[in-house]
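Peer 1: Hey, dropping input.cif in here, mmCIF, C-alpha atoms and all ligand atoms:
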```
data_entry
loop_
_atom_site.label_atom_id
_atom_site.label_comp_id
_atom_site.auth_asym_id
_atom_site.auth_seq_id
_atom_site.Cartn_x
_atom_site.Cartn_y
_atom_site.Cartn_z
CA MET A 8 95.60 102.45 112.57
CA LEU A 9 93.58 105.62 112.30
CA LEU A 10 96.13 107.45 114.44
CA HIS A 11 98.88 106.38 112.12
CA TYR A 12 96.86 107.50 109.15
CA LEU A 13 96.14 110.86 110.73
CA LYS A 14 99.77 111.46 111.58
CA LYS A 15 100.75 110.70 108.04
CA ASN A 16 97.98 112.20 105.99
CA VAL A 17 95.75 114.73 107.70
CA LEU A 18 97.75 117.89 107.51
CA HIS A 19 95.37 120.32 109.17
CA PHE A 20 95.68 118.53 112.48
CA THR A 21 98.88 119.68 114.04
CA GLN A 22 99.39 117.03 116.66
CA VAL A 23 98.06 113.68 117.73
CA CYS A 24 98.90 112.80 121.30
CA HIS A 25 97.64 110.98 124.37
CA SER A 26 95.70 112.81 127.04
CA ASN A 27 97.15 112.80 130.53
CA ASP A 28 94.20 111.29 132.30
CA SER A 29 93.45 108.38 130.02
CA ASN A 30 94.92 106.38 127.23
CA GLU A 31 92.55 107.86 124.73
CA PRO A 32 94.29 109.80 122.02
CA LEU A 33 93.63 113.53 121.74
CA LEU A 34 93.70 115.54 118.58
CA ILE A 35 95.21 118.99 118.84
CA CYS A 36 93.53 120.83 116.05
CA PRO A 37 94.00 124.48 115.15
CA ASP A 38 90.60 124.78 113.45
CA PHE A 39 88.61 123.70 116.49
CA THR A 40 88.22 125.91 119.51
CA ASN A 41 88.30 122.88 121.76
CA ASN A 42 90.52 119.92 121.32
CA CYS A 43 88.40 116.88 120.98
CA ARG A 44 88.61 113.30 122.02
CA LEU A 45 89.53 111.33 118.94
CA LYS A 46 87.35 108.36 119.66
CA HIS A 47 84.14 110.33 119.75
CA SER A 48 84.62 113.16 117.36
CA LEU A 49 86.37 111.79 114.35
CA MET A 50 83.95 109.27 113.05
CA PHE A 51 83.44 111.41 109.99
CA LEU A 52 87.16 111.26 109.29
CA GLU A 53 87.19 107.53 109.68
CA GLY A 54 84.32 107.36 107.23
CA ARG A 55 86.24 109.44 104.74
CA PHE A 56 89.27 107.30 105.32
CA GLN A 57 87.29 104.10 104.70
CA ARG A 58 85.76 105.53 101.58
CA MET A 59 89.09 106.69 100.26
CA CYS A 60 90.46 103.20 100.71
CA SER A 61 87.52 101.26 99.46
CA THR A 62 86.16 103.16 96.50
CA ARG A 63 88.91 102.55 94.00
CA LYS A 64 88.59 99.64 91.57
CA ILE A 65 91.92 98.23 90.53
CA ILE A 66 92.55 95.24 88.30
CA HIS A 67 95.91 93.49 88.13
CA ILE A 68 96.32 91.22 85.11
CA ASP A 69 99.20 88.79 84.79
CA MET A 70 99.67 86.44 81.85
CA ASP A 71 99.93 82.71 82.59
CA ALA A 72 103.37 81.17 82.00
CA PHE A 73 104.02 84.04 79.63
CA PHE A 74 107.15 83.09 77.64
CA ALA A 75 106.24 79.39 77.68
CA SER A 76 102.64 80.02 76.55
CA ILE A 77 103.88 82.08 73.62
CA GLU A 78 106.20 79.25 72.59
CA GLN A 79 103.30 76.79 72.84
CA LYS A 80 101.10 79.11 70.79
CA ASP A 81 103.79 79.41 68.08
CA HIS A 82 104.87 75.74 68.05
CA VAL A 83 102.14 73.10 67.81
CA LEU A 84 104.55 70.40 69.01
CA PHE A 85 105.12 72.17 72.34
CA ARG A 86 101.43 72.25 73.25
CA GLY A 87 100.36 70.15 76.22
CA LYS A 88 104.01 69.31 76.98
CA PRO A 89 106.29 70.21 79.89
CA LEU A 90 108.12 73.10 78.26
CA ILE A 91 111.01 75.11 79.65
CA VAL A 92 112.16 78.44 78.25
CA GLY A 93 115.77 79.01 79.27
CA GLY A 94 119.24 77.63 78.75
CA ASN A 95 119.80 74.04 77.67
CA PRO A 96 119.88 71.38 80.40
CA GLN A 97 123.66 71.04 80.20
CA SER A 98 124.21 74.75 80.69
CA ARG A 99 124.31 76.60 84.00
CA GLY A 100 121.45 78.81 82.88
CA VAL A 101 118.21 79.08 84.79
CA VAL A 102 114.57 78.52 83.86
CA ALA A 103 113.05 81.80 82.64
CA ALA A 104 109.56 80.37 82.28
CA CYS A 105 107.93 76.96 82.28
CA SER A 106 104.56 75.68 81.14
CA TYR A 107 102.01 74.58 83.71
CA GLU A 108 102.62 70.99 82.51
CA ALA A 109 106.25 71.39 83.68
CA ARG A 110 105.22 72.89 87.03
CA LYS A 111 103.60 69.58 87.99
CA PHE A 112 107.16 68.26 88.32
CA GLY A 113 108.12 71.02 90.77
CA ILE A 114 109.88 73.13 88.14
CA HIS A 115 109.71 76.91 88.54
CA SER A 116 111.32 80.12 87.25
CA ALA A 117 114.92 80.80 88.35
CA MET A 118 115.60 77.08 88.97
CA PRO A 119 118.85 75.85 87.37
CA CYS A 120 118.06 74.16 84.06
CA SER A 121 120.10 71.12 85.07
CA LYS A 122 117.84 70.57 88.07
CA ALA A 123 114.73 71.04 85.91
CA ALA A 124 116.03 68.35 83.54
CA ARG A 125 116.54 65.97 86.48
CA LEU A 126 113.03 66.61 87.79
CA CYS A 127 111.46 66.06 84.39
CA PRO A 128 113.69 64.21 81.90
CA GLU A 129 111.06 64.44 79.14
CA ALA A 130 110.82 68.25 79.40
CA ILE A 131 111.40 70.20 76.19
CA PHE A 132 113.92 73.06 76.45
CA THR A 133 113.72 76.05 74.15
CA PRO A 134 115.72 79.31 74.14
CA PRO A 135 113.97 82.62 74.83
CA ARG A 136 112.90 84.87 71.93
CA MET A 137 112.69 88.26 73.59
CA ASP A 138 111.66 90.15 70.45
CA ARG A 139 108.59 87.97 70.09
CA TYR A 140 107.65 88.43 73.78
CA VAL A 141 108.01 92.21 73.48
CA GLU A 142 105.81 92.17 70.35
CA ILE A 143 103.04 90.19 72.09
CA SER A 144 103.38 92.32 75.22
CA SER A 145 102.67 95.49 73.30
CA LYS A 146 99.52 93.88 71.84
CA ILE A 147 98.34 92.97 75.34
CA MET A 148 98.99 96.48 76.66
CA ALA A 149 97.07 97.88 73.65
CA ILE A 150 94.07 95.74 74.61
CA PHE A 151 94.23 97.11 78.18
CA ARG A 152 94.29 100.66 76.82
CA GLN A 153 91.10 100.02 74.86
CA TYR A 154 89.37 99.91 78.26
CA THR A 155 91.15 102.63 80.24
CA ALA A 156 94.03 105.10 79.90
CA PHE A 157 95.05 104.23 83.46
CA VAL A 158 97.31 101.31 82.62
CA GLU A 159 100.57 100.85 84.51
CA PRO A 160 102.68 98.06 83.01
CA LEU A 161 104.88 96.35 85.62
CA SER A 162 106.71 94.02 83.30
CA LEU A 163 106.13 92.48 79.89
CA ASP A 164 103.28 90.32 81.12
CA GLU A 165 101.50 92.25 83.84
CA ALA A 166 99.83 95.59 84.45
CA PHE A 167 97.58 97.46 86.82
CA LEU A 168 94.40 99.01 85.44
CA ASP A 169 92.46 101.61 87.40
CA VAL A 170 88.84 101.20 86.34
CA THR A 171 87.26 103.27 89.12
CA ASN A 172 85.66 105.74 86.77
CA MET A 173 84.05 103.30 84.38
CA GLY A 174 80.99 102.97 86.58
CA GLU A 175 78.21 103.36 84.05
CA LYS A 176 79.71 101.39 81.22
CA HIS A 177 81.12 98.66 83.44
CA PRO A 178 79.60 98.63 86.91
CA SER A 179 81.39 95.41 87.84
CA ALA A 180 85.21 95.41 87.81
CA THR A 181 85.15 91.63 88.07
CA LEU A 182 83.04 91.25 84.92
CA LEU A 183 85.26 93.77 83.20
CA ALA A 184 88.38 91.78 84.14
CA LYS A 185 86.74 88.64 82.72
CA GLN A 186 85.92 90.48 79.51
CA ILE A 187 89.51 91.72 79.12
CA CYS A 188 90.94 88.23 79.70
CA ARG A 189 88.45 86.81 77.18
CA GLN A 190 89.51 89.39 74.59
CA ILE A 191 93.19 88.54 75.12
CA PHE A 192 92.38 84.89 74.58
CA GLU A 193 90.30 85.51 71.46
CA GLU A 194 92.88 87.77 69.85
CA LEU A 195 96.13 86.16 71.00
CA GLN A 196 95.22 82.63 72.13
CA LEU A 197 96.93 83.26 75.47
CA THR A 198 95.44 82.97 78.93
CA ALA A 199 95.72 85.46 81.78
CA SER A 200 94.76 85.71 85.43
CA ALA A 201 93.27 88.76 87.11
CA GLY A 202 92.98 90.13 90.61
CA ILE A 203 90.44 92.79 91.50
CA SER A 204 90.41 94.90 94.64
CA TYR A 205 90.51 98.45 95.98
CA ASN A 206 94.27 98.82 96.11
CA LYS A 207 97.31 97.72 94.17
CA PHE A 208 98.74 95.36 96.72
CA LEU A 209 95.53 93.38 97.15
CA ALA A 210 94.85 93.28 93.40
CA LYS A 211 98.32 91.90 92.73
CA VAL A 212 98.13 89.23 95.40
CA ALA A 213 94.66 88.29 94.17
CA SER A 214 95.77 87.70 90.58
CA ASP A 215 98.20 85.06 91.81
CA ILE A 216 95.68 83.08 93.84
CA ASN A 217 93.89 80.99 91.22
CA LYS A 218 96.44 80.81 88.44
CA PRO A 219 96.14 79.86 85.60
CA GLN A 220 92.99 81.53 84.22
CA GLY A 221 91.93 82.65 87.68
CA ILE A 222 89.78 85.68 88.36
CA THR A 223 89.84 86.59 92.06
CA THR A 224 88.13 89.53 93.72
CA ILE A 225 88.93 90.77 97.22
CA PRO A 226 86.19 93.18 98.30
CA PRO A 227 86.80 95.62 101.18
CA GLU A 228 84.59 93.60 103.54
CA THR A 229 86.79 90.52 103.40
CA ALA A 230 90.16 92.20 102.92
CA GLN A 231 91.23 92.23 106.57
CA HIS A 232 90.44 88.56 107.03
CA PHE A 233 92.29 87.79 103.83
CA LEU A 234 95.33 89.80 104.93
CA ASP A 235 95.35 88.22 108.39
CA THR A 236 95.62 84.73 106.94
CA LEU A 237 98.17 85.65 104.27
CA PRO A 238 101.61 84.05 104.75
CA ILE A 239 104.28 86.65 105.42
CA ARG A 240 106.20 85.80 102.23
CA LYS A 241 103.32 87.11 100.14
CA PHE A 242 103.69 90.65 101.47
CA PHE A 243 105.23 93.17 99.15
CA GLY A 244 108.93 93.67 99.88
CA VAL A 245 109.32 90.50 101.95
CA GLY A 246 112.02 88.49 100.23
CA GLN A 247 113.84 85.43 101.51
CA VAL A 248 116.01 87.34 103.97
CA THR A 249 113.22 89.43 105.51
CA GLU A 250 110.99 86.36 105.69
CA LYS A 251 113.62 84.49 107.70
CA LYS A 252 114.05 87.41 110.06
CA MET A 253 110.30 87.76 110.49
CA ARG A 254 109.82 84.09 111.23
CA GLN A 255 112.57 84.32 113.87
CA LEU A 256 110.59 87.18 115.43
CA GLY A 257 107.43 85.06 115.42
CA ILE A 258 105.77 86.79 112.46
CA ASN A 259 104.35 84.11 110.19
CA THR A 260 101.10 85.61 108.92
CA GLY A 261 99.48 88.97 108.34
CA PHE A 262 97.73 88.61 111.69
CA ASP A 263 101.09 88.29 113.47
CA LEU A 264 102.41 91.29 111.54
CA ARG A 265 99.39 93.40 112.53
CA GLN A 266 100.24 93.04 116.21
CA TRP A 267 103.43 95.07 115.75
CA GLU A 268 103.72 98.82 116.33
CA VAL A 269 104.98 100.81 113.37
CA GLU A 270 108.05 102.01 115.31
CA ARG A 271 109.11 98.45 116.08
CA LEU A 272 108.67 97.38 112.47
CA VAL A 273 110.76 100.31 111.26
CA PHE A 274 113.40 99.54 113.88
CA HIS A 275 113.74 95.94 112.66
CA PHE A 276 113.05 96.29 108.94
CA GLY A 277 113.78 99.91 108.00
CA LYS A 278 111.62 101.87 105.56
CA ILE A 279 109.70 98.82 104.40
CA GLY A 280 108.45 98.39 108.00
CA SER A 281 106.21 101.43 107.72
CA PHE A 282 104.84 100.26 104.35
CA LEU A 283 104.13 96.81 105.78
CA TYR A 284 102.33 98.39 108.73
CA ASP A 285 99.94 99.99 106.26
CA ILE A 286 99.41 97.20 103.76
CA VAL A 287 98.63 94.61 106.42
CA ARG A 288 95.74 96.91 107.37
CA GLY A 289 94.58 97.15 103.77
CA ILE A 290 96.04 100.63 103.34
CA ASP A 291 97.85 101.16 100.08
CA ASP A 292 97.18 104.51 98.49
CA ARG A 293 99.69 104.15 95.67
CA PRO A 294 97.98 105.36 92.51
CA VAL A 295 98.04 103.51 89.22
CA GLU A 296 100.65 105.49 87.32
CA PRO A 297 100.32 105.22 83.53
CA MET A 298 103.47 107.24 82.87
CA ARG A 299 105.64 105.75 85.57
CA VAL A 300 109.25 106.37 84.78
CA ARG A 301 111.72 103.60 85.05
CA LYS A 302 113.62 103.74 88.32
CA SER A 303 116.69 101.68 87.52
CA ILE A 304 118.73 100.15 84.74
CA GLY A 305 120.57 96.92 85.40
CA SER A 306 122.21 93.86 83.98
CA GLU A 307 123.10 90.54 85.59
CA THR A 308 124.48 87.19 84.58
CA THR A 309 124.75 83.66 85.90
CA LEU A 310 128.43 82.74 85.60
CA PRO A 311 129.41 79.73 83.48
CA TYR A 312 130.73 78.13 86.69
CA ASP A 313 130.92 79.14 90.36
CA THR A 314 134.05 81.14 90.97
CA ASP A 315 136.06 82.78 93.74
CA ASN A 316 138.52 84.22 91.24
CA LEU A 317 138.44 88.01 91.63
CA ASP A 318 140.02 88.71 88.24
CA GLU A 319 137.34 86.74 86.46
CA LEU A 320 134.63 88.52 88.44
CA ARG A 321 136.11 91.91 87.58
CA LYS A 322 136.13 91.02 83.87
CA ILE A 323 132.49 89.94 83.96
CA LEU A 324 131.48 93.04 85.89
CA ALA A 325 133.28 95.19 83.33
CA GLU A 326 131.11 93.57 80.61
CA LEU A 327 127.98 94.27 82.63
CA ALA A 328 129.10 97.88 83.11
CA LYS A 329 129.38 98.19 79.32
CA ASP A 330 125.84 96.78 78.91
CA ILE A 331 124.57 99.35 81.37
CA GLU A 332 126.43 102.12 79.59
CA LYS A 333 124.65 101.14 76.36
CA SER A 334 121.23 101.15 78.05
CA LEU A 335 121.90 104.47 79.76
CA HIS A 336 123.01 105.94 76.47
CA LYS A 337 119.94 104.61 74.64
CA LYS A 338 117.61 106.10 77.23
CA ASN A 339 119.65 109.28 77.56
CA LYS A 340 120.00 108.71 81.30
CA GLY A 341 122.54 108.64 84.07
CA GLY A 342 122.20 107.58 87.69
CA TYR A 343 123.56 108.43 91.12
CA THR A 344 123.43 105.00 92.80
CA LEU A 345 125.32 101.89 91.78
CA THR A 346 124.27 98.53 93.25
CA LEU A 347 126.28 95.35 93.06
CA LYS A 348 124.34 92.10 93.40
CA VAL A 349 126.12 88.89 94.33
CA ARG A 350 124.60 85.43 94.56
CA TYR A 351 126.81 82.92 96.35
CA LYS A 352 127.05 79.24 95.52
CA ASN A 353 124.46 78.42 98.22
CA PHE A 354 122.01 80.87 96.50
CA THR A 355 122.22 83.47 99.28
CA THR A 356 121.92 86.82 97.51
CA ILE A 357 123.25 90.15 98.78
CA THR A 358 123.40 93.68 97.39
CA ARG A 359 125.85 96.49 98.10
CA SER A 360 125.25 100.08 96.99
CA ILE A 361 127.05 103.35 96.72
CA THR A 362 125.53 106.75 95.95
CA LEU A 363 127.58 109.53 94.40
CA LYS A 364 127.08 113.27 94.29
CA THR A 365 127.51 113.30 90.51
CA ALA A 366 125.64 110.97 88.20
CA MET A 367 127.26 108.01 86.42
CA PHE A 368 126.80 107.79 82.67
CA SER A 369 129.38 105.31 81.44
CA ALA A 370 131.35 102.18 82.25
CA ASP A 371 134.28 104.46 83.07
CA ASP A 372 132.21 106.03 85.83
CA ILE A 373 131.19 102.63 87.20
CA LEU A 374 134.45 100.67 87.08
CA PRO A 375 136.43 102.60 89.75
CA LEU A 376 133.64 101.89 92.26
CA LEU A 377 133.68 98.13 91.85
CA PRO A 378 136.75 97.26 93.97
CA GLY A 379 135.23 99.08 96.96
CA LEU A 380 131.87 97.34 96.56
CA LEU A 381 133.47 93.92 96.01
CA ALA A 382 135.54 94.39 99.15
CA THR A 383 132.33 94.43 101.23
CA THR A 384 131.35 90.97 99.93
CA TYR A 385 132.96 87.54 100.21
CA ALA A 386 134.09 87.74 96.57
CA GLY A 387 137.49 86.10 96.34
CA THR A 388 136.85 83.73 99.25
CA GLU A 389 133.32 82.36 98.74
CA LYS A 390 132.27 80.89 95.40
CA ILE A 391 129.84 83.07 93.48
CA ARG A 392 127.29 81.95 90.86
CA LEU A 393 125.70 85.22 89.74
CA VAL A 394 126.67 88.88 89.65
CA GLY A 395 124.68 91.93 88.63
CA LEU A 396 124.95 95.70 88.47
CA THR A 397 122.15 98.25 88.65
CA ILE A 398 122.12 102.00 88.32
CA SER A 399 119.29 103.79 90.09
CA LYS A 400 118.30 107.31 91.18
CA LEU A 401 118.16 108.05 87.48
CA THR A 402 118.49 111.48 85.97
CA GLY A 403 118.31 112.86 82.44
CA ARG A 404 121.60 113.26 80.65
CA THR A 405 120.99 116.96 80.27
CA ALA A 406 119.71 117.51 83.81
CA LEU A 407 123.12 117.88 85.36
CA PRO A 408 125.72 118.99 82.86
CA ARG A 409 129.04 117.53 83.78
CA GLN A 410 132.27 119.43 83.88
CA LEU A 411 133.88 119.07 80.49
CA LYS A 412 137.58 118.40 80.50
CA LEU A 413 138.61 121.31 78.28
CA PRO A 414 142.26 121.87 77.58
CA PHE A 415 143.54 124.95 79.37
CA MET A 416 144.16 127.72 76.84
CA TYR A 417 146.24 130.86 77.19
CA GLY A 418 145.36 134.21 75.78
N1 LIG A 501 110.83 85.66 83.86
C1 LIG A 501 112.20 85.48 83.77
N2 LIG A 501 112.93 85.14 84.88
C2 LIG A 501 112.32 84.99 86.08
C3 LIG A 501 110.93 85.19 86.20
C4 LIG A 501 110.20 85.51 85.04
O1 LIG A 501 112.76 85.61 82.67
N3 LIG A 501 113.04 84.65 87.15
C5 LIG A 501 110.07 85.98 82.64
C6 LIG A 501 109.47 84.72 82.06
C7 LIG A 501 108.03 84.77 82.42
C8 LIG A 501 107.76 86.25 82.46
O2 LIG A 501 108.97 86.86 82.89
O3 LIG A 501 107.22 84.08 81.48
C9 LIG A 501 106.64 86.63 83.37
O4 LIG A 501 106.96 86.29 84.71
P1 LIG A 501 105.89 85.73 85.71
O5 LIG A 501 106.47 85.79 87.06
O6 LIG A 501 104.58 86.40 85.48
O7 LIG A 501 105.79 84.18 85.35
P2 LIG A 501 104.96 83.47 84.23
O8 LIG A 501 104.12 84.40 83.45
O9 LIG A 501 105.90 82.63 83.41
O10 LIG A 501 104.07 82.46 85.05
P3 LIG A 501 102.78 82.79 85.93
O11 LIG A 501 101.66 82.04 85.29
O12 LIG A 501 103.10 82.25 87.29
O13 LIG A 501 102.58 84.27 85.93
MG MG A 502 102.88 85.81 84.46
#
```
Output the file's structure in the form of structure tokens.
Peer 2:
Amino acid sequence: MLLHYLKKNVLHFTQVCHSNDSNEPLLICPDFTNNCRLKHSLMFLEGRFQRMCSTRKIIHIDMDAFFASIEQKDHVLFRGKPLIVGGNPQSRGVVAACSYEARKFGIHSAMPCSKAARLCPEAIFTPPRMDRYVEISSKIMAIFRQYTAFVEPLSLDEAFLDVTNMGEKHPSATLLAKQICRQIFEELQLTASAGISYNKFLAKVASDINKPQGITTIPPETAQHFLDTLPIRKFFGVGQVTEKKMRQLGINTGFDLRQWEVERLVFHFGKIGSFLYDIVRGIDDRPVEPMRVRKSIGSETTLPYDTDNLDELRKILAELAKDIEKSLHKKNKGGYTLTLKVRYKNFTTITRSITLKTAMFSADDILPLLPGLLATTYAGTEKIRLVGLTISKLTGRTALPRQLKLPFMYG
């Protein structure tokens, strides 16, 4: 682990290699007259490394059943009931959010509403009111910012807070997290859960452990044990497909994952392999970024019925492209990469991307790329239930002026 860290982060060492006569790694270091045996001479570096990893205090706060809780707060009749925010049970829409009372029946987000209605016939269905959720979200983020400027919102209902430098006022990050959750409840009558640890990944996993109203702290001393016992699905970046692949390779827990060399992980899982190698060892140096810029703009829709009709798909995708054009325009952005998302009838989801040399700004830029992307899917033969488009590798509209089509003029 330390070797990996050194290779990645310690720039003044030019080379880390293995000595000829033993398996002990050697550090080739330009500042030292003699190269030194890593095991014996770099304890100070390891100490620095440990400190760097374990001194931050990061809180991740995630609201409980966010949309559903807001509906219960605003409508007395919904309180204490299995409540589903989403399409009506006859529609093909999916559950956006459900109250904890509904979860007892096995209902969860992204489940088809029809299935949710079968699981719990007495469930109440209500449509989403995005404006209201955005309004409440900004109040929650304002509460976070009363405590620290280092707030990185991840979505409407969750954010990271870096509270490392609040030592004197708030020596305990756990007590601080409790105080913030209490304030949210007093001011908005909504509950939240919090995770506290020394890096983002651990804080985020922790906030999910004792939901609802759970406050969970993972201190550095217990982090490795915690990570070793964590099911593979809980690791950042491991979706359904990667999970399946990992299980086939015998990786079921963090402990299994930790036995793998970084090269092998990268070989099997690409870029995410190197990230997984680090996080399973409790290494996640990503800072809390208050001004993080949005990385993509997308739009997707569940179709009114499963279809293998290419013309229909093209029409729907053209609508999505127009939505994206509007969002790009509003944010004054363009993007170099277009990603098509397709969910088949059996819920298998795939994505196909293309990156251009010039940025896309409008539906007209997107539409000519769709036939090529669709051709790499089973669209037209397999039935599809959801399609989506995303533009990423964003750039400002003014960053790369595009060639204007000026009429040619004589004289
Ligand atoms: N959401 C959505 N579609 C999804 C998942 C979530 O529209 N597939 C919306 C509704 C949620 C909100 O985002 O209320 C926040 O998502 P969370 O994953 O945090 O879920 P909840 O807050 O609803 O529940 P939890 O208590 O598990 O955090
Ligand atoms: Mg939530």
Peer 1: Counting only C-alpha atoms and all ligand atoms, which residues of chain A sit at most 9 Å from some atom of ligand MG 502 (chain A), and what is each one's closest atom pair with its distance in Å to one decimal, listed by chain and rising residue number, as a Markdown table?
Peer 2:
```
| residue | atom | partner | partner_atom | distance |
| --- | --- | --- | --- | --- |
| A:Ile68 | CA | A:MG502 | MG | 8.5 |
| A:Asp69 | CA | A:MG502 | MG | 4.7 |
| A:Met70 | CA | A:MG502 | MG | 4.2 |
| A:Asp71 | CA | A:MG502 | MG | 4.7 |
| A:Ala72 | CA | A:MG502 | MG | 5.3 |
| A:Phe73 | CA | A:MG502 | MG | 5.3 |
| A:Phe74 | CA | A:MG502 | MG | 8.5 |
| A:Ala104 | CA | A:MG502 | MG | 8.9 |
| A:Leu163 | CA | A:MG502 | MG | 8.7 |
| A:Asp164 | CA | A:MG502 | MG | 5.6 |
| A:Glu165 | CA | A:MG502 | MG | 6.6 |
| A:Ala199 | CA | A:MG502 | MG | 7.7 |
| A:Ser200 | CA | A:MG502 | MG | 8.2 |
| A:Asp215 | CA | A:MG502 | MG | 8.7 |
```
Peer 1: Let me make sure I understand: among A:Asn339, A:Ser106, A:Ser360, A:Gln97, which one has the smallest atom-to-atom distance to ligand LIG 501 (chain A) if we use all atoms listed in the file?
Peer 2: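 So, comparing all the options, the nearest one is A:Ser106.
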Peer 1: Can you pull out every residue within 7 Å of Thr346 of chain A, counting all atoms listed in the file, but drop anything in the same chain fewer than 4 positions away, and send it as a list in words?
Peer 2: Thr358, Arg359, Ser360, Ile361, Leu396, Thr397 and Ile398 of chain A
Peer 1: Provide the atom CA of Phe233 of chain A to atom CA of Glu296 of chain A distance in Å, to one decimal place.
Peer 2: 25.6 Å
Peer 1: Please determine, counting only C-alpha atoms, which residue among A:Ala156, A:Ile150, A:Ile222, A:Ala210 has the shortest atom-to-atom distance to Lys185 of chain A.
Peer 2: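 With only C-alpha atoms as the atom set, the closest residue is A:Ile222.
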Peer 1: Compile a residue-level contact table for segment 273-382 of chain A against segment 116-119 of chain A at a cut-off of 12 Å, reporting for every qualifying residue the shortest atom pair and its distance in Å to one decimal, with all atoms listed in the file counted, rows ordered by chain and ascending number, as JSON lines.
Peer 2:
```
{"residue": "A:Thr309", "atom": "CA", "partner": "A:Pro119", "partner_atom": "CA", "distance": 9.9}
{"residue": "A:Leu310", "atom": "CA", "partner": "A:Pro119", "partner_atom": "CA", "distance": 11.9}
{"residue": "A:Pro311", "atom": "CA", "partner": "A:Pro119", "partner_atom": "CA", "distance": 11.9}
{"residue": "A:Phe354", "atom": "CA", "partner": "A:Met118", "partner_atom": "CA", "distance": 10.6}
```
Peer 1: Could you pull the residues within 12 Å of segment 383-389 of chain A, counting only C-alpha atoms, minus those fewer than 2 positions along the same chain, as a PyMOL selection string?
Peer 2: chain A and resi 313-321+347-361+376-381+391-394
Peer 1: How would the residues just picked look written out with C-alpha atoms as a PDB file, keeping the file's coordinate frame?
Peer 2:
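Result written to result18.pdb:
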```
ATOM      1  CA  ASP A 313     130.920  79.140  90.360  1.00  0.00           C
ATOM      2  CA  THR A 314     134.050  81.140  90.970  1.00  0.00           C
ATOM      3  CA  ASP A 315     136.060  82.780  93.740  1.00  0.00           C
ATOM      4  CA  ASN A 316     138.520  84.220  91.240  1.00  0.00           C
ATOM      5  CA  LEU A 317     138.440  88.010  91.630  1.00  0.00           C
ATOM      6  CA  ASP A 318     140.020  88.710  88.240  1.00  0.00           C
ATOM      7  CA  GLU A 319     137.340  86.740  86.460  1.00  0.00           C
ATOM      8  CA  LEU A 320     134.630  88.520  88.440  1.00  0.00           C
ATOM      9  CA  ARG A 321     136.110  91.910  87.580  1.00  0.00           C
ATOM     10  CA  LEU A 347     126.280  95.350  93.060  1.00  0.00           C
ATOM     11  CA  LYS A 348     124.340  92.100  93.400  1.00  0.00           C
ATOM     12  CA  VAL A 349     126.120  88.890  94.330  1.00  0.00           C
ATOM     13  CA  ARG A 350     124.600  85.430  94.560  1.00  0.00           C
ATOM     14  CA  TYR A 351     126.810  82.920  96.350  1.00  0.00           C
ATOM     15  CA  LYS A 352     127.050  79.240  95.520  1.00  0.00           C
ATOM     16  CA  ASN A 353     124.460  78.420  98.220  1.00  0.00           C
ATOM     17  CA  PHE A 354     122.010  80.870  96.500  1.00  0.00           C
ATOM     18  CA  THR A 355     122.220  83.470  99.280  1.00  0.00           C
ATOM     19  CA  THR A 356     121.920  86.820  97.510  1.00  0.00           C
ATOM     20  CA  ILE A 357     123.250  90.150  98.780  1.00  0.00           C
ATOM     21  CA  THR A 358     123.400  93.680  97.390  1.00  0.00           C
ATOM     22  CA  ARG A 359     125.850  96.490  98.100  1.00  0.00           C
ATOM     23  CA  SER A 360     125.250 100.080  96.990  1.00  0.00           C
ATOM     24  CA  ILE A 361     127.050 103.350  96.720  1.00  0.00           C
ATOM     25  CA  LEU A 376     133.640 101.890  92.260  1.00  0.00           C
ATOM     26  CA  LEU A 377     133.680  98.130  91.850  1.00  0.00           C
ATOM     27  CA  PRO A 378     136.750  97.260  93.970  1.00  0.00           C
ATOM     28  CA  GLY A 379     135.230  99.080  96.960  1.00  0.00           C
ATOM     29  CA  LEU A 380     131.870  97.340  96.560  1.00  0.00           C
ATOM     30  CA  LEU A 381     133.470  93.920  96.010  1.00  0.00           C
ATOM     31  CA  ILE A 391     129.840  83.070  93.480  1.00  0.00           C
ATOM     32  CA  ARG A 392     127.290  81.950  90.860  1.00  0.00           C
ATOM     33  CA  LEU A 393     125.700  85.220  89.740  1.00  0.00           C
ATOM     34  CA  VAL A 394     126.670  88.880  89.650  1.00  0.00           C
TER      35      VAL A 394
END
```
Peer 1: Nearest to Gly221 of chain A: which of A:Ala184, A:Leu126, A:Leu195, A:Ala166 is it, counting only C-alpha atoms?
Peer 2: A:Ala184
Peer 1: Which value, in Å to one decimal, gives the distance between atom CA of Lys302 of chain A and atom CA of Lys340 of chain A?
Peer 2: 10.7 Å
Peer 1: To one decimal in Å, tell me the separation between atom CA of Gly202 of chain A and atom N1 of ligand LIG 501 (chain A).
Peer 2: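 Separation between atom CA of Gly202 of chain A and atom N1 of ligand LIG 501 (chain A): 19.6 Å.
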Peer 1: Pick out the closest residue to Phe243 of chain A from this set: A:Gln186, A:Thr344, A:Ser281, A:Ser162. Count all atoms listed in the file.
Peer 2: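 Using all atoms listed in the file, Phe243 of chain A sits closest to A:Ser281.
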Peer 1: Could you list, as a ChimeraX atom specification, every residue within 6 Å of Gly342 of chain A, counting all atoms listed in the file and ignoring same-chain residues fewer than 2 positions away?
Peer 2: /A:344,366-367,398-402
Peer 1: Quick one: of A:Phe282, A:Phe132, A:Phe368, A:Tyr107, who's nearest to Lys218 of chain A, counting all atoms listed in the file?
Peer 2: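 Of all the options, A:Tyr107 lies closest to Lys218 of chain A.
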Peer 1: Can you pull out the residues contacting Lys251 of chain A? Cut-off 12 Å, using only C-alpha atoms, and skip same-chain residues under 6 positions away; I want them as a list in words.
Peer 2: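 That gives Ile239, Arg240, Val245, Gly257, Ile258, Asn259 and Phe276 of chain A.
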